[in-house]
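Just model16.tsv here, TSV, C-alpha atoms:
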chain	number	residue	atom	x	y	z
A	856	MET	CA	86.23	99.29	100.93
A	857	THR	CA	88.53	97.77	103.53
A	858	GLU	CA	86.55	99.13	106.45
A	859	ASP	CA	83.42	97.84	104.88
A	860	LYS	CA	84.87	94.35	104.58
A	861	VAL	CA	86.12	94.31	108.17
A	862	SER	CA	82.78	95.38	109.56
A	863	ARG	CA	81.07	92.61	107.65
A	864	ARG	CA	83.51	90.10	109.03
A	865	GLU	CA	82.85	91.30	112.54
A	866	PHE	CA	79.13	91.04	112.10
A	867	LEU	CA	79.40	87.59	110.60
A	868	ALA	CA	81.79	86.31	113.26
A	869	LYS	CA	79.18	86.83	115.97
A	870	THR	CA	76.96	84.07	114.78
A	871	SER	CA	79.55	81.61	113.60
A	872	LEU	CA	79.01	78.70	115.99
A	873	ALA	CA	75.26	78.33	115.67
A	874	ALA	CA	75.54	78.83	111.95
A	875	SER	CA	77.92	75.95	111.24
A	876	THR	CA	75.31	73.50	112.45
A	877	ALA	CA	72.74	75.12	110.22
A	878	VAL	CA	75.10	74.90	107.25
A	879	ALA	CA	75.38	71.16	107.67
A	880	ALA	CA	71.60	70.89	107.64
A	881	ALA	CA	71.28	73.17	104.64
A	882	ALA	CA	73.90	71.17	102.75
A	883	THR	CA	71.89	67.99	103.22
A	884	ALA	CA	68.73	69.70	102.09
A	885	THR	CA	70.23	71.11	98.91
A	886	GLY	CA	72.31	68.13	97.75
A	887	GLN	CA	71.39	67.20	94.20
A	888	VAL	CA	74.68	66.04	92.80
A	889	GLY	CA	75.57	63.16	90.53
A	890	ALA	CA	78.67	61.01	90.74
A	891	GLN	CA	80.38	62.72	87.82
A	892	GLU	CA	79.89	66.17	89.28
A	893	VAL	CA	81.22	64.97	92.62
A	894	GLU	CA	84.34	63.76	90.88
A	895	GLU	CA	84.90	67.19	89.37
A	896	TYR	CA	84.37	68.77	92.73
A	897	ALA	CA	87.47	66.99	94.05
A	898	GLN	CA	90.21	69.47	94.69
A	899	SER	CA	93.55	69.32	93.01
A	900	ASP	CA	96.62	68.47	95.06
A	901	TYR	CA	97.84	72.00	94.60
A	902	SER	CA	94.63	73.51	95.84
A	903	VAL	CA	94.72	71.32	98.98
A	904	ARG	CA	98.37	72.12	99.63
A	905	ALA	CA	97.72	75.85	99.21
A	906	LYS	CA	94.77	75.68	101.61
A	907	ALA	CA	96.83	73.73	104.13
A	908	LEU	CA	99.57	76.36	103.90
A	909	VAL	CA	97.15	79.23	104.51
A	910	SER	CA	95.44	77.35	107.32
A	911	VAL	CA	98.63	76.38	109.19
A	912	LEU	CA	100.21	79.83	108.89
A	913	THR	CA	96.93	81.42	110.02
A	914	LYS	CA	96.80	79.21	113.11
A	915	LYS	CA	100.34	80.29	113.92
A	916	ASN	CA	99.34	83.95	113.50
A	917	LEU	CA	101.89	84.43	110.74
A	918	ILE	CA	99.28	85.55	108.24
A	919	ASP	CA	95.74	86.90	108.39
A	920	PRO	CA	93.21	85.58	105.85
A	921	THR	CA	91.68	89.05	105.48
A	922	GLU	CA	95.06	90.46	104.47
A	923	ILE	CA	95.58	87.56	102.10
A	924	ASP	CA	92.27	88.49	100.48
A	925	GLU	CA	93.37	92.11	100.19
A	926	VAL	CA	96.62	91.16	98.49
A	927	ILE	CA	94.76	88.97	96.05
A	928	GLU	CA	92.17	91.61	95.36
A	929	PHE	CA	94.88	94.11	94.63
A	930	TYR	CA	96.94	91.95	92.37
A	931	GLU	CA	94.55	89.89	90.41
A	932	THR	CA	93.69	91.22	87.03
A	933	ARG	CA	92.92	88.41	84.64
A	934	VAL	CA	90.14	87.08	86.84
A	935	GLY	CA	88.25	89.83	88.60
A	936	PRO	CA	84.91	91.59	88.94
A	937	HIS	CA	85.70	93.74	85.92
A	938	ILE	CA	84.91	90.70	83.77
A	939	GLY	CA	81.45	90.26	85.28
A	940	ALA	CA	80.96	94.02	84.95
A	941	ARG	CA	81.32	93.70	81.18
A	942	LEU	CA	78.37	91.30	81.08
A	943	VAL	CA	76.29	93.58	83.28
A	944	ALA	CA	77.05	96.79	81.40
A	945	ARG	CA	76.37	95.17	78.03
A	946	SER	CA	73.04	93.87	79.31
A	947	TRP	CA	72.10	97.41	80.31
A	948	VAL	CA	72.80	98.93	76.90
A	949	ASP	CA	71.65	96.05	74.69
A	950	PRO	CA	68.21	94.57	75.51
A	951	GLU	CA	68.71	91.69	73.08
A	952	PHE	CA	71.99	90.78	74.73
A	953	ARG	CA	70.22	90.91	78.07
A	954	GLU	CA	67.70	88.35	76.83
A	955	ARG	CA	70.45	86.08	75.58
A	956	LEU	CA	72.35	86.50	78.86
A	957	LEU	CA	69.36	85.51	80.97
A	958	SER	CA	68.40	82.57	78.77
A	959	ASP	CA	71.94	81.24	78.12
A	960	ALA	CA	74.68	83.00	80.08
A	961	ASN	CA	77.33	80.61	78.76
A	962	ALA	CA	76.70	81.64	75.16
A	963	ALA	CA	76.50	85.30	76.15
A	964	ALA	CA	79.83	85.10	77.97
A	965	THR	CA	81.45	83.42	74.98
A	966	GLU	CA	80.02	86.17	72.80
A	967	LEU	CA	82.07	88.72	74.78
A	968	GLY	CA	85.15	86.52	74.59
A	969	ILE	CA	84.92	85.55	78.25
A	970	GLU	CA	86.45	82.21	79.01
A	971	ARG	CA	84.25	80.22	81.34
A	972	ARG	CA	85.19	77.26	83.50
A	973	ARG	CA	81.77	76.27	84.83
A	974	ASP	CA	78.16	76.54	83.76
A	975	LEU	CA	77.07	80.09	84.34
A	976	VAL	CA	73.54	81.25	85.11
A	977	ALA	CA	72.63	84.94	85.18
A	978	VAL	CA	69.72	86.11	87.32
A	979	ALA	CA	68.38	89.66	87.00
A	980	ASN	CA	67.33	91.94	89.80
A	981	THR	CA	64.22	94.02	89.15
A	982	PRO	CA	62.32	96.48	91.31
A	983	GLN	CA	60.21	93.50	92.44
A	984	VAL	CA	62.86	90.76	92.77
A	985	HIS	CA	66.22	90.74	94.54
A	986	ASN	CA	68.62	87.84	93.98
A	987	LEU	CA	71.34	86.73	96.40
A	988	VAL	CA	74.05	84.16	95.68
A	989	VAL	CA	75.53	81.82	98.26
A	990	CYS	CA	77.25	78.45	98.44
A	991	THR	CA	75.89	76.66	101.48
A	992	LEU	CA	78.17	73.68	101.00
A	993	CYS	CA	81.57	75.34	100.69
A	994	SER	CA	82.53	78.41	98.71
A	995	CYS	CA	81.61	77.72	95.09
A	996	TYR	CA	81.81	81.06	93.34
A	997	PRO	CA	81.94	82.29	89.74
A	998	TRP	CA	85.59	83.26	90.15
A	999	PHE	CA	86.13	83.17	86.39
A	1000	ILE	CA	84.01	86.32	86.13
A	1001	LEU	CA	84.18	87.80	89.65
A	1002	GLY	CA	87.69	86.90	90.80
A	1003	LEU	CA	88.21	85.29	94.17
A	1004	PRO	CA	85.37	85.33	96.68
A	1005	PRO	CA	85.49	87.79	99.57
A	1006	THR	CA	86.25	86.20	102.95
A	1007	TRP	CA	82.73	86.75	104.27
A	1008	TYR	CA	81.34	84.72	101.37
A	1009	LYS	CA	83.41	81.74	102.53
A	1010	ASP	CA	82.51	82.11	106.21
A	1011	ALA	CA	79.97	79.73	107.75
A	1012	PRO	CA	77.68	82.49	109.11
A	1013	TYR	CA	77.03	83.95	105.68
A	1014	ARG	CA	76.60	80.54	104.10
A	1015	ALA	CA	73.96	79.58	106.64
A	1016	ARG	CA	72.24	82.89	107.21
A	1017	ALA	CA	71.92	83.81	103.54
A	1018	VAL	CA	69.52	80.89	103.21
A	1019	ILE	CA	67.76	81.12	106.57
A	1020	ASP	CA	67.41	84.90	106.77
A	1021	PRO	CA	68.45	86.57	103.52
A	1022	ARG	CA	66.59	89.80	104.33
A	1023	GLY	CA	68.39	90.04	107.66
A	1024	VAL	CA	71.77	89.47	106.01
A	1025	LEU	CA	71.04	92.07	103.34
A	1026	LYS	CA	69.92	94.55	105.95
A	1027	GLU	CA	73.16	94.12	107.87
A	1028	PHE	CA	75.03	94.63	104.59
A	1029	GLY	CA	73.20	97.96	104.30
A	1030	THR	CA	70.53	96.89	101.81
A	1031	GLU	CA	67.02	97.28	103.14
A	1032	LEU	CA	64.38	95.77	100.92
A	1033	ASP	CA	60.73	96.77	100.92
A	1034	GLU	CA	58.40	94.05	102.13
A	1035	GLY	CA	56.92	93.72	98.66
A	1036	VAL	CA	60.28	92.75	97.14
A	1037	GLU	CA	60.72	89.03	96.63
A	1038	VAL	CA	64.13	87.65	97.65
A	1039	ARG	CA	65.51	84.67	95.73
A	1040	VAL	CA	68.55	82.86	97.08
A	1041	TRP	CA	70.70	80.87	94.64
A	1042	ASP	CA	72.83	78.09	96.07
A	1043	SER	CA	75.93	77.60	93.94
A	1044	THR	CA	77.23	74.12	93.24
A	1045	ALA	CA	80.43	72.68	91.87
A	1046	GLU	CA	78.83	72.80	88.43
A	1047	VAL	CA	76.54	75.82	88.32
A	1048	ARG	CA	77.64	79.31	89.28
A	1049	TYR	CA	75.41	82.36	89.45
A	1050	ILE	CA	75.87	86.01	88.67
A	1051	VAL	CA	73.35	88.65	89.70
A	1052	ILE	CA	72.59	91.33	87.12
A	1053	PRO	CA	71.92	94.40	89.25
A	1054	VAL	CA	69.36	97.04	88.32
A	1055	ARG	CA	70.89	99.85	86.28
A	1056	PRO	CA	71.19	102.85	88.59
A	1057	GLN	CA	69.18	105.95	87.86
A	1058	GLY	CA	70.92	108.93	86.33
A	1059	THR	CA	73.17	106.85	84.07
A	1060	ASP	CA	71.33	107.44	80.80
A	1061	GLY	CA	74.11	109.38	79.10
A	1062	MET	CA	76.91	107.03	80.13
A	1063	THR	CA	79.03	104.94	77.79
A	1064	GLU	CA	79.33	101.20	78.22
A	1065	GLY	CA	82.82	101.67	79.68
A	1066	GLN	CA	81.58	104.19	82.23
A	1067	LEU	CA	78.77	101.81	83.19
A	1068	GLN	CA	81.24	98.94	83.70
A	1069	ALA	CA	83.08	101.04	86.25
A	1070	LEU	CA	79.89	101.41	88.31
A	1071	VAL	CA	79.34	97.67	88.74
A	1072	THR	CA	80.70	96.37	92.05
A	1073	ARG	CA	81.63	92.84	92.97
A	1074	ASP	CA	79.11	92.75	95.81
A	1075	SER	CA	76.29	93.88	93.52
A	1076	MET	CA	76.96	90.84	91.31
A	1077	ILE	CA	76.70	88.55	94.37
A	1078	GLY	CA	73.49	90.34	95.28
A	1079	ALA	CA	74.90	91.65	98.56
A	1080	GLU	CA	74.21	95.26	97.58
A	1081	ARG	CA	72.24	97.38	95.16
A	1082	LEU	CA	73.99	99.92	92.99
A	1083	LYS	CA	73.52	103.51	93.96
A	1084	SER	CA	72.95	106.29	91.51
A	1085	PRO	CA	76.27	108.02	90.72
A	1086	VAL	CA	74.66	111.47	90.65
B	300	MET	CA	99.56	98.78	98.60
B	301	ILE	CA	102.88	99.25	96.85
B	302	ILE	CA	104.40	96.57	94.66
B	303	PRO	CA	107.53	95.45	96.52
B	304	ASP	CA	110.82	96.02	94.69
B	305	GLY	CA	111.91	92.42	94.99
B	306	LEU	CA	108.71	91.20	93.43
B	307	ALA	CA	109.05	93.22	90.26
B	308	GLU	CA	112.51	91.80	89.66
B	309	LEU	CA	111.59	88.14	90.02
B	310	ARG	CA	111.99	86.41	86.73
B	311	LEU	CA	109.15	84.68	84.96
B	312	LEU	CA	106.31	86.11	87.01
B	313	PRO	CA	103.31	85.60	84.73
B	314	ARG	CA	101.80	89.01	84.27
B	315	ASP	CA	99.85	91.15	81.92
B	316	GLU	CA	100.01	94.93	81.76
B	317	GLU	CA	98.51	95.49	85.18
B	318	GLY	CA	99.98	92.72	87.31
B	319	PRO	CA	100.33	89.02	87.88
B	320	VAL	CA	97.92	86.60	86.29
B	321	PHE	CA	96.33	83.66	88.03
B	322	ALA	CA	94.75	80.72	86.28
B	323	GLU	CA	93.17	79.33	89.45
B	324	PRO	CA	92.34	80.62	92.94
B	325	TRP	CA	94.96	78.50	94.72
B	326	GLN	CA	97.67	80.21	92.68
B	327	ALA	CA	96.52	83.58	93.94
B	328	GLN	CA	96.51	82.24	97.50
B	329	VAL	CA	100.07	81.01	97.26
B	330	PHE	CA	101.15	84.26	95.67
B	331	ALA	CA	99.47	86.30	98.41
B	332	VAL	CA	101.00	84.21	101.21
B	333	VAL	CA	104.47	84.93	99.87
B	334	VAL	CA	103.71	88.64	99.48
B	335	ARG	CA	102.38	88.87	103.06
B	336	LEU	CA	105.30	86.92	104.57
B	337	ALA	CA	107.66	89.30	102.78
B	338	GLU	CA	105.69	92.38	103.88
B	339	THR	CA	105.74	91.27	107.51
B	340	GLY	CA	109.45	90.45	107.35
B	341	GLU	CA	109.09	86.70	107.93
B	342	LEU	CA	111.08	86.22	104.76
B	343	THR	CA	113.11	88.51	102.53
B	344	TRP	CA	112.70	88.81	98.78
B	345	LYS	CA	116.31	87.71	98.43
B	346	GLU	CA	115.64	84.49	100.34
B	347	TRP	CA	112.52	83.97	98.32
B	348	ALA	CA	114.21	84.53	94.96
B	349	ASP	CA	117.03	82.13	95.94
B	350	ARG	CA	114.63	79.42	97.03
B	351	LEU	CA	112.29	79.81	94.07
B	352	GLY	CA	115.26	79.87	91.72
B	353	ALA	CA	116.48	76.57	93.17
B	354	VAL	CA	113.08	74.93	92.68
B	355	LEU	CA	112.86	76.22	89.11
B	356	ARG	CA	116.35	74.89	88.35
B	357	GLU	CA	115.39	71.49	89.75
B	358	ALA	CA	112.43	71.44	87.38
B	359	GLU	CA	114.67	72.36	84.47
B	360	ASP	CA	117.09	69.60	85.49
B	361	ARG	CA	114.19	67.14	85.34
B	362	GLY	CA	113.73	68.26	81.75
B	363	GLU	CA	110.62	70.40	82.33
B	364	PHE	CA	110.79	73.40	80.07
B	365	ASP	CA	108.42	75.70	81.82
B	366	THR	CA	106.30	77.97	79.72
B	367	GLY	CA	104.74	79.58	82.76
B	368	GLU	CA	101.74	77.31	83.22
B	369	ARG	CA	103.35	75.41	86.07
B	370	TYR	CA	104.94	78.47	87.58
B	371	TYR	CA	102.81	78.61	90.71
B	372	GLU	CA	103.32	74.93	91.38
B	373	HIS	CA	106.95	75.86	91.86
B	374	TRP	CA	105.95	78.80	94.05
B	375	LEU	CA	104.00	76.42	96.26
B	376	THR	CA	106.90	74.00	96.58
B	377	ALA	CA	109.31	76.84	97.26
B	378	VAL	CA	107.22	78.53	99.94
B	379	GLU	CA	106.51	75.21	101.67
B	380	ARG	CA	110.22	74.53	101.85
B	381	LEU	CA	111.08	78.03	102.97
B	382	VAL	CA	108.57	78.20	105.86
B	383	VAL	CA	109.83	74.82	107.08
B	384	GLU	CA	113.46	75.86	106.70
B	385	LYS	CA	112.80	79.03	108.68
B	386	ASN	CA	111.03	77.03	111.39
B	387	LEU	CA	107.79	78.92	110.87
B	388	THR	CA	106.07	75.54	110.77
B	389	GLY	CA	106.91	71.88	110.23
B	390	MET	CA	106.37	69.86	107.07
B	391	GLU	CA	104.36	67.39	109.15
B	392	ASP	CA	101.96	70.23	110.15
B	393	LEU	CA	101.37	71.04	106.50
B	394	THR	CA	100.89	67.40	105.56
B	395	LYS	CA	98.53	66.78	108.45
B	396	GLU	CA	96.45	69.86	107.64
B	397	GLY	CA	96.28	68.79	103.99
B	398	GLU	CA	95.06	65.35	105.02
B	399	GLU	CA	92.35	66.91	107.18
B	400	ILE	CA	91.23	69.14	104.33
B	401	ARG	CA	91.03	66.10	102.06
B	402	GLU	CA	89.17	64.14	104.70
B	403	ASN	CA	86.58	66.92	105.13
B	404	ASP	CA	86.30	67.16	101.39
B	405	HIS	CA	85.65	63.44	101.20
B	406	HIS	CA	82.91	63.65	103.86
B	407	ARG	CA	81.34	66.52	102.02
B	408	ARG	CA	81.25	64.53	98.81
B	409	GLU	CA	79.69	61.54	100.57
B	410	HIS	CA	77.17	63.97	101.95
B	411	GLN	CA	76.38	65.28	98.48
B	412	LEU	CA	75.91	61.76	97.15
B	413	GLU	CA	73.54	60.88	99.97
B	414	GLY	CA	71.59	64.07	99.43
B	415	GLY	CA	71.27	63.35	95.71
B	416	ALA	CA	70.19	59.74	96.25
Before anything else, please render the file you have as structure tokens.
Amino acid sequence: MTEDKVSRREFLAKTSLAASTAVAAAATATGQVGAQEVEEYAQSDYSVRAKALVSVLTKKNLIDPTEIDEVIEFYETRVGPHIGARLVARSWVDPEFRERLLSDANAAATELGIERRRDLVAVANTPQVHNLVVCTLCSCYPWFILGLPPTWYKDAPYRARAVIDPRGVLKEFGTELDEGVEVRVWDSTAEVRYIVIPVRPQGTDGMTEGQLQALVTRDSMIGAERLKSPV
Amino acid sequence: MIIPDGLAELRLLPRDEEGPVFAEPWQAQVFAVVVRLAETGELTWKEWADRLGAVLREAEDRGEFDTGERYYEHWLTAVERLVVEKNLTGMEDLTKEGEEIRENDHHRREHQLEGGA
């Protein structure tokens, strides 16, 4: 897990300079935001102070953002990918729930007792379609169901390249898609957050809903990987 | 990763059965910064508990009866003070960085408005 994350960071770091320019362009192209939404996008004082703290201590080499991510990933429980995994696993065992999830993810989340902070949209992978989630503008992320975003999600190279060359990004993440598979990229905003419903892996027919939940990874719900068969 | 001894003993740490609970991402960030600074020896859990305790007492003196919701606000104040006190950085660095983040944020919002127009 850790090795995996580091290698992704290394790969992403290579293209960082060129990509920041592209991000700026992409942000302009995707902007469709009203005044009210912009207001809600404003960060709280605490959020700004926390970011400033991380940024200053990072510049002074006192902390490493990757290690900060690891601490958070280890400790967080209330918000974390296990919440998104409940939605995914339920959608695999209950076709009617799946329909409700894809047509109104907010209602479906509420149905499972999941507290949501933003409008949620669920997009389903199929053998013909692969979905990938990004936030070209900053790092909007459905943290209320996936926890905090991985560092690579927040980095400029991913934010730019996911839009420009999603197949290339997926390939470098270890997911090679056949040419016939359509790739859809979803750009998160301050108001709308996306979750990818991965394809249920083969060989899981006899599994309980709880066992299925355990198979669902964070990255699969961002669309950065496909789930492998456990057998 | 092992949960540090000092951490488990801190009073009032919002937690459920498995560990601390965060209401928002910035709270997790602040929490993680403190954990890392303690793990790397930049601060000790004793120093941290003393400093956090002082900030919590100040809040109580102001008449805030904390039910846990504002807990990480106090963490943020305490860690800001402690890193400045230990000369790891200056308060002006933190303020300046915060202003830059706000400024960038502002530009981004202007950008969004233009794009939507």
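The residue that comes closest to chain A, out of B:Thr343, B:Glu384, B:Glu391, B:Glu379 and on the basis of only C-alpha atoms, is B:Glu379.
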Between A:Ala964, A:Val1047, A:Ala905, A:Leu1082, smallest distance to B:Ala327 by all atoms listed in the file belongs to A:Ala905
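The spacing separating atom CA of B:Ala348 from atom CA of A:Val926 amounts to 19.1 Å.
Comparing A:Asp974, A:Thr913, A:Asp919, A:Leu992 by their smallest distance to B:His406, the closest is A:Leu992 (using all atoms listed in the file).
Using all atoms listed in the file for every distance, the candidate list A:Val1018, A:Cys995, A:Met1062, A:Ile1050 yields A:Ile1050 as the residue closest to A:Leu957.
If you look at atom CA of A:Asn986 and atom CA of A:Ser1043, they are 12.6 Å away from each other.
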At a cut-off of 12 Å, using only C-alpha atoms, what residues contact A:Glu966? Leave out same-chain residues fewer than 3 positions from it and give the result as a PyMOL selection string.
chain A and resi 941-942+945+952+955-956+959-963+969-971
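Counting all atoms listed in the file and comparing B:Glu357, B:Glu346, B:Glu363, B:Glu338, the residue that lies closest to chain A is B:Glu338.
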Neighbouring residues of B:Leu387 were defined as those with any atom within 12 Å, considering all atoms listed in the file; residues of the same chain fewer than 5 positions away were excluded. Please report them as a ChimeraX atom specification.
/A:908,911-918 /B:336,341-342,378-382,392-393
Could you tell me how far atom CA of A:Gln983 lies from atom CA of A:Gly1065, in Å and to one decimal?
27.2 Å
Do you know which residues are at most 10 Å from A:Val1086 counting only C-alpha atoms, after dropping those on the same chain fewer than 6 positions away, and could you put them as a count of residues only?
4
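Of the residues listed (B:Gly352, B:Pro324, B:Arg335, B:Val329), B:Val329 shows the shortest atom-to-atom separation from A:Ala907; distances use only C-alpha atoms.
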Enclosing box along x, y and z for every listed atom of stretch 385-398 of chain B, padded 6 Å each side, centre and size in Å, one decimal, as JSON:
{"center_x": 103.9, "center_y": 72.2, "center_z": 107.7, "size_x": 29.7, "size_y": 25.7, "size_z": 19.4}
Using the block above, I'd like stretch 368-377 of chain B written out, keeping all heavy atoms and formatting it as an mmCIF file, in the first residue's frame.
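Okay, selection33.cif is ready:
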data_model
loop_
_atom_site.group_PDB
_atom_site.id
_atom_site.type_symbol
_atom_site.label_atom_id
_atom_site.label_comp_id
_atom_site.auth_asym_id
_atom_site.auth_seq_id
_atom_site.Cartn_x
_atom_site.Cartn_y
_atom_site.Cartn_z
ATOM 1 N N GLU B 368 -16.880 19.449 20.157
ATOM 2 C CA GLU B 368 -16.990 19.916 18.771
ATOM 3 C C GLU B 368 -15.864 20.880 18.401
ATOM 4 O O GLU B 368 -15.442 20.944 17.256
ATOM 5 C CB GLU B 368 -18.324 20.635 18.538
ATOM 6 C CG GLU B 368 -19.507 19.700 18.489
ATOM 7 C CD GLU B 368 -20.579 20.101 19.492
ATOM 8 O OE1 GLU B 368 -20.564 21.267 19.925
ATOM 9 O OE2 GLU B 368 -21.392 19.237 19.857
ATOM 10 N N ARG B 369 -15.431 21.662 19.373
ATOM 11 C CA ARG B 369 -14.408 22.659 19.061
ATOM 12 C C ARG B 369 -13.009 22.169 19.440
ATOM 13 O O ARG B 369 -12.061 22.934 19.454
ATOM 14 C CB ARG B 369 -14.735 23.957 19.795
ATOM 15 C CG ARG B 369 -16.135 24.460 19.482
ATOM 16 C CD ARG B 369 -16.306 25.885 19.899
ATOM 17 N NE ARG B 369 -15.352 26.744 19.208
ATOM 18 C CZ ARG B 369 -15.201 28.041 19.472
ATOM 19 N NH1 ARG B 369 -15.920 28.614 20.408
ATOM 20 N NH2 ARG B 369 -14.328 28.756 18.806
ATOM 21 N N TYR B 370 -12.925 20.882 19.734
ATOM 22 C CA TYR B 370 -11.683 20.355 20.267
ATOM 23 C C TYR B 370 -10.483 20.620 19.366
ATOM 24 O O TYR B 370 -9.433 21.063 19.811
ATOM 25 C CB TYR B 370 -11.846 18.851 20.488
ATOM 26 C CG TYR B 370 -10.688 18.226 21.215
ATOM 27 C CD1 TYR B 370 -10.388 18.599 22.513
ATOM 28 C CD2 TYR B 370 -9.895 17.270 20.597
ATOM 29 C CE1 TYR B 370 -9.325 18.028 23.183
ATOM 30 C CE2 TYR B 370 -8.844 16.687 21.257
ATOM 31 C CZ TYR B 370 -8.556 17.066 22.555
ATOM 32 O OH TYR B 370 -7.506 16.508 23.208
ATOM 33 N N TYR B 371 -10.656 20.378 18.081
ATOM 34 C CA TYR B 371 -9.506 20.531 17.182
ATOM 35 C C TYR B 371 -9.156 21.995 16.901
ATOM 36 O O TYR B 371 -8.047 22.295 16.459
ATOM 37 C CB TYR B 371 -9.705 19.740 15.895
ATOM 38 C CG TYR B 371 -9.469 18.270 16.134
ATOM 39 C CD1 TYR B 371 -10.513 17.370 16.178
ATOM 40 C CD2 TYR B 371 -8.184 17.808 16.379
ATOM 41 C CE1 TYR B 371 -10.293 16.028 16.448
ATOM 42 C CE2 TYR B 371 -7.945 16.471 16.652
ATOM 43 C CZ TYR B 371 -9.003 15.591 16.685
ATOM 44 O OH TYR B 371 -8.772 14.273 16.963
ATOM 45 N N GLU B 372 -10.095 22.884 17.155
ATOM 46 C CA GLU B 372 -9.732 24.302 17.071
ATOM 47 C C GLU B 372 -8.669 24.599 18.126
ATOM 48 O O GLU B 372 -7.730 25.351 17.890
ATOM 49 C CB GLU B 372 -10.970 25.181 17.301
ATOM 50 C CG GLU B 372 -12.054 24.965 16.276
ATOM 51 C CD GLU B 372 -13.338 25.706 16.604
ATOM 52 O OE1 GLU B 372 -13.303 26.646 17.433
ATOM 53 O OE2 GLU B 372 -14.364 25.339 16.051
ATOM 54 N N HIS B 373 -8.847 23.990 19.281
ATOM 55 C CA HIS B 373 -7.865 24.176 20.353
ATOM 56 C C HIS B 373 -6.545 23.482 20.021
ATOM 57 O O HIS B 373 -5.474 23.979 20.346
ATOM 58 C CB HIS B 373 -8.435 23.661 21.679
ATOM 59 C CG HIS B 373 -9.709 24.338 22.074
ATOM 60 N ND1 HIS B 373 -9.889 25.698 21.947
ATOM 61 C CD2 HIS B 373 -10.881 23.845 22.558
ATOM 62 C CE1 HIS B 373 -11.113 26.009 22.353
ATOM 63 N NE2 HIS B 373 -11.732 24.905 22.707
ATOM 64 N N TRP B 374 -6.638 22.350 19.356
ATOM 65 C CA TRP B 374 -5.413 21.670 18.902
ATOM 66 C C TRP B 374 -4.628 22.589 17.973
ATOM 67 O O TRP B 374 -3.412 22.714 18.087
ATOM 68 C CB TRP B 374 -5.756 20.382 18.122
ATOM 69 C CG TRP B 374 -5.845 19.163 18.963
ATOM 70 C CD1 TRP B 374 -6.712 18.952 19.992
ATOM 71 C CD2 TRP B 374 -5.052 17.972 18.846
ATOM 72 N NE1 TRP B 374 -6.517 17.700 20.514
ATOM 73 C CE2 TRP B 374 -5.513 17.076 19.837
ATOM 74 C CE3 TRP B 374 -4.025 17.577 17.998
ATOM 75 C CZ2 TRP B 374 -4.964 15.801 20.002
ATOM 76 C CZ3 TRP B 374 -3.479 16.309 18.152
ATOM 77 C CH2 TRP B 374 -3.945 15.435 19.151
ATOM 78 N N LEU B 375 -5.350 23.217 17.055
ATOM 79 C CA LEU B 375 -4.695 24.085 16.076
ATOM 80 C C LEU B 375 -3.991 25.245 16.785
ATOM 81 O O LEU B 375 -2.816 25.517 16.533
ATOM 82 C CB LEU B 375 -5.741 24.593 15.077
ATOM 83 C CG LEU B 375 -5.265 25.512 13.951
ATOM 84 C CD1 LEU B 375 -4.152 24.873 13.139
ATOM 85 C CD2 LEU B 375 -6.433 25.868 13.035
ATOM 86 N N THR B 376 -4.713 25.903 17.685
ATOM 87 C CA THR B 376 -4.117 27.006 18.435
ATOM 88 C C THR B 376 -2.890 26.529 19.217
ATOM 89 O O THR B 376 -1.840 27.174 19.207
ATOM 90 C CB THR B 376 -5.160 27.606 19.420
ATOM 91 O OG1 THR B 376 -6.302 27.997 18.668
ATOM 92 C CG2 THR B 376 -4.602 28.794 20.165
ATOM 93 N N ALA B 377 -3.030 25.375 19.850
ATOM 94 C CA ALA B 377 -1.943 24.868 20.690
ATOM 95 C C ALA B 377 -0.704 24.512 19.861
ATOM 96 O O ALA B 377 0.420 24.837 20.251
ATOM 97 C CB ALA B 377 -2.420 23.652 21.486
#
